[in-house]
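Participant: Contents of model06.txt (compact mmCIF, C-alpha atoms and all ligand atoms) are given next:
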```txt
# COMPACT_ATOMS: atom_id res chain seq x y z
CA MET A 292 183.91 34.92 -10.76
CA LYS A 293 183.12 37.06 -7.72
CA VAL A 294 181.03 35.54 -4.96
CA LEU A 295 179.41 37.27 -2.02
CA MET A 296 179.30 34.63 0.69
CA VAL A 297 177.42 34.99 3.97
CA SER A 298 177.99 32.66 6.90
CA TRP A 299 177.06 32.79 10.54
CA GLU A 300 180.30 31.15 11.64
CA TYR A 301 183.85 31.67 10.44
CA PRO A 302 186.98 31.15 12.54
CA PRO A 303 187.60 32.28 15.21
CA VAL A 304 183.82 32.08 15.71
CA SER A 305 183.26 28.35 15.61
CA VAL A 306 180.20 26.60 16.93
CA GLY A 307 180.45 23.44 14.86
CA GLY A 308 181.54 21.98 11.53
CA LEU A 309 180.07 24.90 9.60
CA ALA A 310 182.94 27.25 10.49
CA SER A 311 185.63 24.88 9.27
CA HIS A 312 183.55 24.02 6.18
CA VAL A 313 183.20 27.67 5.12
CA LYS A 314 186.84 28.45 5.86
CA ASP A 315 188.30 25.46 4.01
CA LEU A 316 185.87 25.80 1.12
CA SER A 317 186.51 29.54 0.69
CA THR A 318 190.27 29.12 0.81
CA ALA A 319 190.15 26.29 -1.74
CA LEU A 320 187.83 28.34 -4.00
CA VAL A 321 190.41 31.12 -4.05
CA ALA A 322 192.87 28.58 -5.45
CA GLU A 323 190.27 27.91 -8.19
CA ASP A 324 190.42 31.61 -9.11
CA VAL A 325 187.08 32.45 -7.50
CA GLU A 326 187.13 35.75 -5.62
CA ILE A 327 185.39 35.25 -2.28
CA HIS A 328 184.03 38.14 -0.21
CA LEU A 329 182.76 36.66 3.01
CA ILE A 330 180.50 38.42 5.52
CA THR A 331 180.30 36.92 8.98
CA GLN A 332 179.99 37.72 12.68
CA GLY A 333 182.70 39.53 14.61
CA GLY A 334 184.91 37.45 16.88
CA GLU A 335 187.30 38.17 19.71
CA GLY A 336 190.78 38.96 18.44
CA ALA A 337 189.68 38.93 14.78
CA ASP A 338 189.98 41.93 12.46
CA ASN A 339 186.77 43.43 11.12
CA PHE A 340 188.27 43.68 7.62
CA ALA A 341 191.02 41.34 6.56
CA LYS A 342 192.33 39.31 3.66
CA GLU A 343 192.77 35.87 5.21
CA GLU A 344 194.45 33.24 3.03
CA GLY A 345 193.18 35.07 -0.04
CA VAL A 346 189.59 35.40 1.24
CA TYR A 347 188.19 38.91 1.83
CA VAL A 348 186.59 38.67 5.25
CA TYR A 349 184.20 41.33 6.61
CA ARG A 350 183.08 40.95 10.20
CA ILE A 351 179.99 42.82 11.33
CA ASN A 352 179.41 44.51 14.67
CA LYS A 353 177.11 42.93 17.22
CA PRO A 354 173.52 44.27 17.26
CA GLU A 355 173.52 47.63 19.03
CA ILE A 356 170.50 46.90 21.21
CA SER A 357 169.58 43.88 23.28
CA THR A 358 166.81 41.66 21.98
CA PRO A 359 163.97 39.85 23.75
CA ASP A 360 164.75 36.45 22.26
CA PHE A 361 167.02 34.43 19.99
CA LEU A 362 164.96 34.79 16.82
CA THR A 363 164.78 38.58 17.11
CA TRP A 364 168.54 38.65 17.62
CA VAL A 365 169.10 36.52 14.52
CA MET A 366 166.94 38.95 12.53
CA LEU A 367 168.94 41.97 13.76
CA VAL A 368 172.19 40.25 12.84
CA ASN A 369 170.74 39.66 9.35
CA PHE A 370 170.10 43.39 9.01
CA ASN A 371 173.74 44.02 9.88
CA PHE A 372 174.81 41.46 7.28
CA ILE A 373 172.68 43.25 4.68
CA GLU A 374 174.11 46.62 5.70
CA MET A 375 177.64 45.34 5.15
CA ALA A 376 176.69 43.63 1.88
CA ASN A 377 175.11 46.83 0.54
CA SER A 378 178.34 48.73 0.98
CA LEU A 379 180.22 45.98 -0.86
CA LEU A 380 177.66 45.84 -3.65
CA ASN A 381 178.40 49.51 -4.36
CA LYS A 382 182.02 48.62 -4.91
CA TYR A 383 182.09 45.15 -6.50
CA ASP A 384 180.19 43.46 -9.29
CA PHE A 385 179.23 40.15 -7.74
CA ASP A 386 178.16 37.23 -9.91
CA LEU A 387 176.21 35.42 -7.24
CA ILE A 388 175.40 35.15 -3.56
CA HIS A 389 176.14 31.99 -1.57
CA ILE A 390 174.60 31.51 1.88
CA HIS A 391 175.02 28.80 4.52
CA ASP A 392 172.02 27.68 6.61
CA TRP A 393 168.87 29.44 7.84
CA LEU A 394 170.65 31.80 10.21
CA VAL A 395 171.64 34.03 7.28
CA GLY A 396 168.56 33.24 5.23
CA PHE A 397 166.86 36.62 5.26
CA ALA A 398 170.09 38.37 4.27
CA GLY A 399 170.34 35.98 1.32
CA LYS A 400 166.74 36.47 0.24
CA SER A 401 166.89 40.28 0.50
CA LEU A 402 170.21 40.54 -1.31
CA LYS A 403 168.98 38.26 -4.07
CA HIS A 404 165.81 40.20 -4.75
CA GLY A 405 167.30 43.63 -4.13
CA ASN A 406 170.08 43.05 -6.64
CA HIS A 407 168.61 40.47 -9.03
CA LEU A 408 171.49 38.16 -8.34
CA PRO A 409 171.27 34.38 -8.26
CA LEU A 410 171.36 32.73 -4.84
CA VAL A 411 173.12 29.47 -3.99
CA THR A 412 172.13 27.94 -0.64
CA THR A 413 174.05 25.31 1.29
CA ILE A 414 171.88 23.51 3.84
CA HIS A 415 174.20 21.90 6.37
CA ALA A 416 171.60 20.56 8.77
CA THR A 417 167.90 20.95 9.45
CA GLU A 418 165.96 21.88 12.55
CA SER A 419 163.76 18.83 12.14
CA GLY A 420 166.79 16.55 11.87
CA ARG A 421 168.50 18.09 14.88
CA ASN A 422 165.42 17.64 17.05
CA HIS A 423 164.03 14.46 15.52
CA GLY A 424 160.91 16.37 14.49
CA ILE A 425 159.28 19.76 14.93
CA TYR A 426 157.68 20.22 18.35
CA ASN A 427 157.28 23.93 19.08
CA SER A 428 156.72 27.26 17.37
CA GLN A 429 160.38 28.28 17.32
CA GLN A 430 161.32 25.02 15.62
CA LYS A 431 158.46 25.48 13.15
CA TYR A 432 159.69 28.97 12.30
CA ILE A 433 163.25 27.74 11.68
CA ASN A 434 161.90 24.84 9.62
CA ASP A 435 159.92 27.32 7.50
CA VAL A 436 162.98 29.53 6.97
CA GLU A 437 164.86 26.42 5.83
CA TRP A 438 162.12 25.75 3.31
CA LEU A 439 162.33 29.39 2.17
CA ILE A 440 166.10 29.40 1.58
CA GLY A 441 165.77 26.26 -0.52
CA TYR A 442 162.85 27.74 -2.44
CA GLU A 443 164.70 31.01 -3.13
CA ALA A 444 167.89 29.27 -4.22
CA TRP A 445 168.92 28.74 -7.82
CA ARG A 446 170.61 25.60 -6.58
CA VAL A 447 170.83 23.92 -3.19
CA ILE A 448 174.03 22.23 -2.03
CA CYS A 449 174.13 19.64 0.73
CA CYS A 450 176.87 17.39 2.07
CA SER A 451 175.53 13.82 1.84
CA GLN A 452 172.92 11.59 0.22
CA TYR A 453 171.26 11.45 3.62
CA MET A 454 170.82 15.23 3.55
CA GLU A 455 169.47 15.22 0.02
CA ASP A 456 166.81 12.75 1.14
CA GLU A 457 166.05 14.85 4.21
CA ILE A 458 165.77 18.15 2.31
CA HIS A 459 163.64 16.60 -0.41
CA GLY A 460 161.44 14.86 2.17
CA LEU A 461 160.94 17.86 4.43
CA PHE A 462 160.73 20.72 1.95
CA GLN A 463 159.82 18.98 -1.32
CA THR A 464 162.86 20.63 -2.92
CA PRO A 465 163.14 18.88 -6.30
CA ARG A 466 166.02 16.44 -6.33
CA ASP A 467 167.34 17.86 -9.59
CA LYS A 468 167.78 21.21 -7.88
CA ILE A 469 170.07 19.71 -5.22
CA ASP A 470 173.81 19.00 -5.58
CA ILE A 471 175.55 16.70 -3.13
CA ILE A 472 179.08 17.90 -2.46
CA ASN A 473 180.68 16.24 0.53
CA ASN A 474 182.87 17.96 3.10
CA GLY A 475 186.60 17.53 3.33
CA VAL A 476 189.60 17.83 5.58
CA ASP A 477 192.74 19.91 5.37
CA LEU A 478 195.37 17.20 5.84
CA ASP A 479 198.20 19.62 6.61
CA ASN A 480 196.43 20.75 9.78
CA PHE A 481 196.59 17.25 11.19
CA ASP A 482 200.15 16.46 10.21
CA VAL A 483 201.47 17.43 13.65
CA THR A 484 203.58 15.84 16.36
CA ALA A 485 202.37 16.32 19.89
CA PRO A 486 205.11 17.57 22.22
CA ALA A 487 206.73 15.02 24.54
CA GLY A 488 204.61 14.37 27.60
CA PHE A 489 201.43 15.71 25.97
CA LYS A 490 199.42 12.50 26.32
CA GLU A 491 200.56 12.04 29.91
CA LYS A 492 198.84 15.33 30.76
CA TYR A 493 195.65 13.35 30.29
CA THR A 494 196.57 9.73 30.96
CA THR A 495 199.27 7.09 31.04
CA GLY A 496 196.81 4.55 29.62
CA ASN A 497 194.35 4.49 26.71
CA LEU A 498 192.81 7.73 25.57
CA VAL A 499 189.32 7.74 24.05
CA PHE A 500 188.58 11.11 22.45
CA PHE A 501 185.38 12.92 21.50
CA ILE A 502 185.04 16.49 20.29
CA GLY A 503 181.84 18.31 19.40
CA ARG A 504 179.01 20.44 20.62
CA MET A 505 177.42 19.26 23.85
CA VAL A 506 173.94 18.74 22.46
CA ARG A 507 171.81 15.62 22.53
CA GLU A 508 172.22 14.90 18.81
CA LYS A 509 175.96 14.26 19.28
CA GLY A 510 175.20 11.25 21.52
CA VAL A 511 177.82 11.88 24.25
CA HIS A 512 175.36 10.48 26.80
CA VAL A 513 175.53 7.16 24.92
CA LEU A 514 179.33 7.17 25.16
CA LEU A 515 179.12 7.79 28.92
CA GLU A 516 176.62 4.93 29.22
CA ALA A 517 179.09 2.69 27.38
CA ALA A 518 182.02 3.75 29.57
CA HIS A 519 181.40 1.18 32.34
CA GLN A 520 181.67 -1.77 29.98
CA ILE A 521 184.73 -0.27 28.31
CA LEU A 522 186.41 0.23 31.68
CA SER A 523 185.72 -3.37 32.70
CA ALA A 524 187.49 -4.63 29.58
CA ALA A 525 190.23 -1.97 29.51
CA PRO A 526 190.48 -0.43 32.99
CA ASN A 527 193.40 1.82 32.15
CA THR A 528 191.32 4.09 29.93
CA GLN A 529 190.60 7.79 30.15
CA PHE A 530 187.82 9.57 28.24
CA VAL A 531 188.48 13.09 27.01
CA ILE A 532 185.26 14.80 25.96
CA ALA A 533 185.98 18.22 24.50
CA GLY A 534 183.56 20.98 23.54
CA LYS A 535 180.90 23.08 25.12
CA GLY A 536 177.15 23.41 24.81
CA PRO A 537 173.87 23.33 26.68
CA MET A 538 174.22 19.69 27.82
CA LEU A 539 177.68 20.05 29.35
CA ASP A 540 176.58 20.20 33.00
CA GLU A 541 174.11 17.37 32.55
CA LEU A 542 176.85 15.20 31.03
CA LYS A 543 179.27 16.01 33.83
CA GLY A 544 176.49 15.03 36.24
CA GLN A 545 175.94 11.76 34.36
CA ALA A 546 179.64 10.87 34.59
CA HIS A 547 179.77 11.74 38.27
CA ASN A 548 176.55 9.92 39.19
CA SER A 549 177.57 6.76 37.41
CA GLY A 550 180.77 6.62 39.44
CA ILE A 551 183.23 7.26 36.61
CA GLY A 552 183.81 10.96 37.29
CA ASP A 553 187.58 10.43 37.62
CA LYS A 554 187.73 8.60 34.29
CA VAL A 555 186.23 11.40 32.22
CA ILE A 556 187.88 14.75 31.52
CA PHE A 557 185.75 17.59 30.15
CA PRO A 558 188.27 20.23 29.04
CA GLY A 559 185.53 22.44 27.54
CA TYR A 560 186.33 24.47 24.44
CA ILE A 561 189.88 23.67 23.31
CA SER A 562 192.25 25.45 20.93
CA GLU A 563 192.89 24.15 17.41
CA GLU A 564 196.38 23.08 18.48
CA GLU A 565 195.15 21.16 21.52
CA LYS A 566 192.57 19.48 19.30
CA GLU A 567 195.16 18.43 16.72
CA TYR A 568 197.45 16.99 19.45
CA LEU A 569 194.57 15.17 21.10
CA TYR A 570 193.60 13.52 17.82
CA GLN A 571 197.24 12.49 17.44
CA VAL A 572 197.65 10.82 20.82
CA ALA A 573 194.14 9.32 21.05
CA ASP A 574 193.86 5.54 20.77
CA VAL A 575 190.30 5.82 19.48
CA ALA A 576 188.15 8.78 18.38
CA VAL A 577 184.43 8.26 18.93
CA PHE A 578 181.50 10.07 17.32
CA PRO A 579 178.29 8.48 18.59
CA SER A 580 175.87 10.96 16.96
CA LEU A 581 172.13 10.36 16.78
CA TYR A 582 171.92 12.83 13.86
CA GLU A 583 174.86 13.84 11.66
CA PRO A 584 174.51 15.47 8.23
CA PHE A 585 178.17 14.82 7.48
CA GLY A 586 180.59 14.66 10.43
CA ILE A 587 183.87 16.40 9.51
CA VAL A 588 185.27 15.22 12.85
CA ALA A 589 185.50 11.65 11.53
CA LEU A 590 187.70 12.90 8.68
CA GLU A 591 189.84 14.86 11.14
CA ALA A 592 190.49 11.68 13.11
CA MET A 593 191.26 9.75 9.92
CA ALA A 594 193.64 12.50 8.79
CA SER A 595 195.38 12.13 12.18
CA LYS A 596 195.76 8.36 11.63
CA THR A 597 193.53 7.65 14.60
CA PRO A 598 191.02 4.79 14.33
CA VAL A 599 187.39 5.90 14.56
CA VAL A 600 184.18 4.47 15.91
CA VAL A 601 181.06 6.25 14.65
CA SER A 602 177.39 5.53 14.86
CA GLY A 603 175.89 4.44 11.55
CA VAL A 604 173.83 7.56 10.88
CA GLY A 605 173.70 10.25 8.21
CA GLY A 606 176.97 11.31 6.67
CA LEU A 607 179.00 9.20 9.11
CA ASP A 608 177.31 6.12 7.73
CA GLU A 609 178.38 7.17 4.22
CA ILE A 610 181.99 8.04 5.11
CA ILE A 611 182.92 4.85 6.96
CA ASP A 612 183.24 1.46 5.39
CA ASP A 613 182.65 -0.73 8.46
CA GLY A 614 185.62 -2.89 9.40
CA GLN A 615 187.76 -1.37 6.65
CA ASP A 616 188.50 2.23 7.58
CA GLY A 617 186.58 2.56 10.85
CA LEU A 618 183.87 0.86 12.88
CA LYS A 619 180.15 1.58 12.97
CA ALA A 620 178.03 1.13 16.06
CA LEU A 621 174.24 1.03 16.19
CA PRO A 622 172.99 4.58 16.81
CA GLY A 623 171.94 5.22 20.41
CA ASN A 624 173.06 1.74 21.49
CA ALA A 625 175.62 1.80 24.33
CA ASN A 626 176.33 -1.96 24.14
CA SER A 627 177.16 -1.79 20.47
CA LEU A 628 179.32 1.31 21.01
CA ALA A 629 181.21 -0.32 23.90
CA GLU A 630 181.84 -3.48 21.85
CA LYS A 631 183.43 -1.49 18.98
CA ILE A 632 185.59 0.68 21.23
CA ILE A 633 186.79 -2.35 23.20
CA LYS A 634 187.73 -4.09 19.96
CA LEU A 635 190.01 -1.20 18.98
CA LEU A 636 191.53 -0.85 22.44
CA THR A 637 192.35 -4.53 22.71
CA ASP A 638 193.30 -5.55 19.17
CA GLN A 639 196.26 -3.43 18.08
CA PRO A 640 196.89 -4.98 14.62
CA TYR A 641 193.21 -4.50 13.76
CA ALA A 642 193.29 -0.90 15.01
CA ASP A 643 196.40 -0.30 12.90
CA LYS A 644 194.70 -1.62 9.78
CA LEU A 645 191.77 0.79 10.24
CA ARG A 646 194.20 3.59 11.04
CA SER A 647 196.08 3.26 7.78
CA ASN A 648 193.00 2.62 5.61
CA GLY A 649 191.23 5.58 7.18
CA TYR A 650 194.16 7.86 6.45
CA LYS A 651 194.34 6.64 2.85
CA LYS A 652 190.65 7.34 2.36
CA ALA A 653 190.94 10.86 3.81
CA VAL A 654 193.83 11.59 1.42
CA GLU A 655 192.26 10.06 -1.68
CA GLU A 656 188.61 11.04 -1.34
CA TYR A 657 188.26 14.10 0.83
CA SER A 658 190.52 16.87 -0.39
CA TRP A 659 189.08 20.38 -0.29
CA GLN A 660 190.48 21.15 -3.72
CA GLY A 661 188.21 18.56 -5.34
CA ILE A 662 185.26 19.91 -3.35
CA ALA A 663 185.98 23.49 -4.38
CA GLY A 664 186.19 22.33 -8.01
CA LYS A 665 182.69 20.80 -7.76
CA THR A 666 181.36 23.92 -6.06
CA ASN A 667 182.84 26.04 -8.81
CA GLU A 668 181.02 23.87 -11.36
CA VAL A 669 177.75 24.62 -9.57
CA TYR A 670 178.58 28.34 -9.68
CA GLN A 671 179.31 28.09 -13.42
CA GLN A 672 176.05 26.28 -14.10
CA VAL A 673 174.11 28.91 -12.15
CA LEU A 674 175.84 31.72 -14.00
CA ASP A 675 175.21 30.17 -17.42
CA GLU A 676 171.53 29.70 -16.65
CA TYR A 677 171.23 33.12 -15.05
CA GLN A 678 172.75 34.96 -17.97
CA THR A 679 170.00 33.79 -20.29
CA SER A 680 167.21 34.31 -17.73
CA GLU A 681 164.68 37.05 -17.04
CA TRP A 682 166.59 37.92 -13.92
CA ALA A 683 169.70 39.00 -15.77
CA HIS A 684 167.58 41.21 -18.08
CA VAL A 685 165.84 42.84 -15.15
CA LYS A 686 169.22 43.63 -13.67
CA SER A 687 170.59 45.12 -16.82
CA GLY A 688 167.45 47.20 -17.29
CA SER A 689 166.62 45.70 -20.68
CA THR A 690 163.08 44.81 -19.60
CA ILE A 691 160.49 46.56 -17.40
O1 LIG A 701 179.84 18.40 8.97
C1 LIG A 701 179.32 21.11 7.88
C2 LIG A 701 178.62 20.50 9.08
C3 LIG A 701 178.55 18.97 9.05
O2 LIG A 701 177.65 17.07 10.21
C4 LIG A 701 177.89 18.45 10.29
C5 LIG A 701 176.72 19.25 10.77
C6 LIG A 701 176.54 20.64 10.28
O3 LIG A 701 175.96 18.83 11.64
O4 LIG A 701 178.66 20.82 6.68
O5 LIG A 701 177.32 21.03 9.16
```
Represent the supplied structure as structure tokens.
Ligand code: NHF
Facilitator:
Amino acid sequence: MKVLMVSWEYPPVSVGGLASHVKDLSTALVAEDVEIHLITQGGEGADNFAKEEGVYVYRINKPEISTPDFLTWVMLVNFNFIEMANSLLNKYDFDLIHIHDWLVGFAGKSLKHGNHLPLVTTIHATESGRNHGIYNSQQKYINDVEWLIGYEAWRVICCSQYMEDEIHGLFQTPRDKIDIINNGVDLDNFDVTAPAGFKEKYTTGNLVFFIGRMVREKGVHVLLEAAHQILSAAPNTQFVIAGKGPMLDELKGQAHNSGIGDKVIFPGYISEEEKEYLYQVADVAVFPSLYEPFGIVALEAMASKTPVVVSGVGGLDEIIDDGQDGLKALPGNANSLAEKIIKLLTDQPYADKLRSNGYKKAVEEYSWQGIAGKTNEVYQQVLDEYQTSEWAHVKSGSTI
């Protein structure tokens, strides 16, 4: 089985959970004997052509000319993806194309039709979900491209029941065309020991950790709203809020204006190693999202044996069994969030119970190998159906 995969993000280019999803999935698929050729954007310090952990990675050049806006830029990048794919299609006999999200949608559609190959689409998140609705023409365009990539796909993969409902509701994609395959976590990455004195770099007290993109949907503003109450109950607490994004300055302003500027550290974009150590030394990891298709970060915390507080939305709601392997707060509710975080900071035996149950769950239910196996089954189903379809005949020249 040879798969041509196209993804906007792949390490070291990492905007969110998509990069780690595509990397861990591709690597695990290689172990299932699937040959993965992955086309993605170029990144600083990364080779343009490389075999990385068994995955053939091809990184494209940036568009040669500047573009008037984001959508035009995305389209130019898609042309560069297609250009790279065409040269590979001359060399390899691919069985199918697998794309991730709307950003690579036109590459997927063109490569499908140009080569009569079946297309598998993973929809990780939707524009409507991210913005709680569609309010302007750019959002409408992205929403329409999301419909298109589902329509063009032989099968659609998504990461939670919540996302199946959303995709079916928004785009009328038939439910029997959608496979739910959850995300996972690479446990080895989080089996680390932070060097002596690492935690003290940040605090000598409690450390509450968040990592993610600084966008409204991640709910960091709710965590900052909750901070006052948390500090009254557990004054020796420091918040470390890692990541970058359009809301970063606003959030720094919020912390400063509410008088807790010295209690919140915004380290910006941090390295993988710093992230793994921070998970390790954190007393609580908090993910207060308002929208979350899956939420790999919760699994990362669980794999690090750190107790988690999440808001009960989307995939997070499905991952956590409240009071057993983590705590769930009401989405967007600072009081509820504060109450859960305080509980974990002040009741050590309870925190330890969640810590060990959370770790057990990550080990037993969220291994990438199982996920790659399920993905491979989807590939096999697509191939079986394709081989007896009109499409395959058109390709082999036996009709028309
Ligand atoms: O984990 C990878 C990621 C998810 O919840 C995440 C999201 C986008 O918002 O599937 O995709």
Participant: When you look at Ala444 (chain A) with a cut-off of 6 Å (counting only C-alpha atoms), what residues show up, excluding the ones that are within fewer than 6 positions of it in the same chain? I need them as a VMD selection string.
Facilitator: chain A and resid 410 to 412
Participant: How would you report the residues lying within 7 Å of ligand LIG 701 (chain A), as an MDAnalysis selection string, if you count all atoms listed in the file?
Facilitator: chainID A and resid 307:309 312 415:416 450 474 583:587 606
Participant: What is the CA of Val577 (chain A) to CA of Phe500 (chain A) distance in Å?
Facilitator: 6.1 Å
Participant: Listing only residues of region 459-535 of chain A within 6 Å of region 547-569 of chain A, what is the closest atom pair and its distance in Å (to one decimal) for each, using all atoms listed in the file, sorted by chain and residue number ascending, as JSON lines?
Facilitator:
```
{"residue": "A:Phe481", "atom": "CA", "partner": "A:Glu567", "partner_atom": "CA", "distance": 5.8}
{"residue": "A:Ala485", "atom": "CA", "partner": "A:Tyr568", "partner_atom": "CA", "distance": 5.0}
{"residue": "A:Gln529", "atom": "CA", "partner": "A:Lys554", "partner_atom": "CA", "distance": 5.1}
{"residue": "A:Phe530", "atom": "CA", "partner": "A:Val555", "partner_atom": "CA", "distance": 4.7}
{"residue": "A:Val531", "atom": "CA", "partner": "A:Ile556", "partner_atom": "CA", "distance": 4.8}
{"residue": "A:Ile532", "atom": "CA", "partner": "A:Phe557", "partner_atom": "CA", "distance": 5.1}
{"residue": "A:Ala533", "atom": "CA", "partner": "A:Gly559", "partner_atom": "CA", "distance": 5.2}
{"residue": "A:Gly534", "atom": "CA", "partner": "A:Tyr560", "partner_atom": "CA", "distance": 4.5}
{"residue": "A:Lys535", "atom": "CA", "partner": "A:Gly559", "partner_atom": "CA", "distance": 5.3}
```
Participant: Could you put an axis-aligned box around every listed atom of region 376-387 of chain A, padded by 4 Å on each side, and send me its centre and edge lengths in Å to one decimal, as AutoDock Vina command-line options?
Facilitator:
```
--center_x 178.6 --center_y 42.5 --center_z -4.0 --size_x 15.0 --size_y 22.1 --size_z 19.8
```
Participant: State, in Å with one decimal place, the distance from CA of Ser378 (chain A) to CA of Lys400 (chain A).
Facilitator: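 Computed distance, CA of Ser378 (chain A) to CA of Lys400 (chain A), equals 16.9 Å.
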Participant: I need the residue nearest Tyr432 (chain A) from this list: A:Leu645, A:Met292, A:Val506, A:Leu362. Use all atoms listed in the file for the distance.
Facilitator: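 Nearest candidate to Tyr432 (chain A) out of A:Leu645, A:Met292, A:Val506, A:Leu362: A:Leu362.
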Participant: What does the distance between CA of Asp338 (chain A) and CA of Met366 (chain A) come to in Å, to one decimal place?
Facilitator: 23.2 Å
Participant: Would you list the contacts of Glu455 (chain A) as a PDB file with C-alpha atoms, keeping the file's coordinate frame, taking every protein, DNA or RNA residue within 10 Å and counting all atoms listed in the file, but skipping same-chain residues closer than 2 positions in sequence?
Facilitator:
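Result written to out-v8.pdb:
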```pdb
ATOM      1  CA  ILE A 414     171.880  23.510   3.840  1.00  0.00           C
ATOM      2  CA  VAL A 447     170.830  23.920  -3.190  1.00  0.00           C
ATOM      3  CA  ILE A 448     174.030  22.230  -2.030  1.00  0.00           C
ATOM      4  CA  CYS A 449     174.130  19.640   0.730  1.00  0.00           C
ATOM      5  CA  CYS A 450     176.870  17.390   2.070  1.00  0.00           C
ATOM      6  CA  SER A 451     175.530  13.820   1.840  1.00  0.00           C
ATOM      7  CA  GLN A 452     172.920  11.590   0.220  1.00  0.00           C
ATOM      8  CA  TYR A 453     171.260  11.450   3.620  1.00  0.00           C
ATOM      9  CA  GLU A 457     166.050  14.850   4.210  1.00  0.00           C
ATOM     10  CA  ILE A 458     165.770  18.150   2.310  1.00  0.00           C
ATOM     11  CA  HIS A 459     163.640  16.600  -0.410  1.00  0.00           C
ATOM     12  CA  GLY A 460     161.440  14.860   2.170  1.00  0.00           C
ATOM     13  CA  LEU A 461     160.940  17.860   4.430  1.00  0.00           C
ATOM     14  CA  THR A 464     162.860  20.630  -2.920  1.00  0.00           C
ATOM     15  CA  PRO A 465     163.140  18.880  -6.300  1.00  0.00           C
ATOM     16  CA  ARG A 466     166.020  16.440  -6.330  1.00  0.00           C
ATOM     17  CA  ILE A 469     170.070  19.710  -5.220  1.00  0.00           C
ATOM     18  CA  ASP A 470     173.810  19.000  -5.580  1.00  0.00           C
ATOM     19  CA  ILE A 471     175.550  16.700  -3.130  1.00  0.00           C
ATOM     20  CA  PRO A 584     174.510  15.470   8.230  1.00  0.00           C
TER      21      PRO A 584
END
```
Participant: Could you check the closest approach to Glu656 (chain A) for each of A:Gly345, A:Ala683, A:Met593, A:Tyr493 and tell me which residue wins, using only C-alpha atoms?
Facilitator: A:Met593
Participant: Point out the residue among A:Asn339, A:Gln639, A:Ser580, A:Asn473 with the least atom-to-atom distance to Lys509 (chain A), counting all atoms listed in the file.
Facilitator: A:Ser580
Participant: For Glu655 (chain A), list every protein, DNA or RNA residue within 12 Å, evaluated using all atoms listed in the file, and leave out those in the same chain fewer than 5 positions away; present the list as a list in words.
Facilitator: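 Within the cut-off, the hits are Gly475, Val476, Leu478, Leu590, Met593, Ala594, Asn648, Gly649, Tyr650, Gln660 and Gly661 of chain A.
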Participant: Excluding Asp386 (chain A) and its own-chain neighbours fewer than 6 positions away, which residues fall within 9 Å of it when counting all atoms listed in the file? Please give them as an MDAnalysis selection string.
Facilitator: chainID A and resid 292:295 408:409 670 674
Participant: Need the shell around Asn377 (chain A): protein/DNA/RNA residues with any atom at most 12 Å away, counting all atoms listed in the file. Skip same-chain ones fewer than 4 positions apart. Format as a list in words?
Facilitator: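 Close residues of Asn377 (chain A): Leu295, Ile330, Phe370, Asn371, Phe372, Ile373, Asn381, Lys382, Tyr383, Asp384, Phe385, Ala398, Gly399, Ser401, Leu402, Lys403, Gly405 and Asn406 of chain A.
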Participant: Check the smallest atom-to-atom distance from each of A:Ser311, A:Gln671, A:Gln332, A:Ser647 to Asp477 (chain A) using only C-alpha atoms, then report the winner.
Facilitator: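 Closest residue, counting only C-alpha atoms: A:Ser311.
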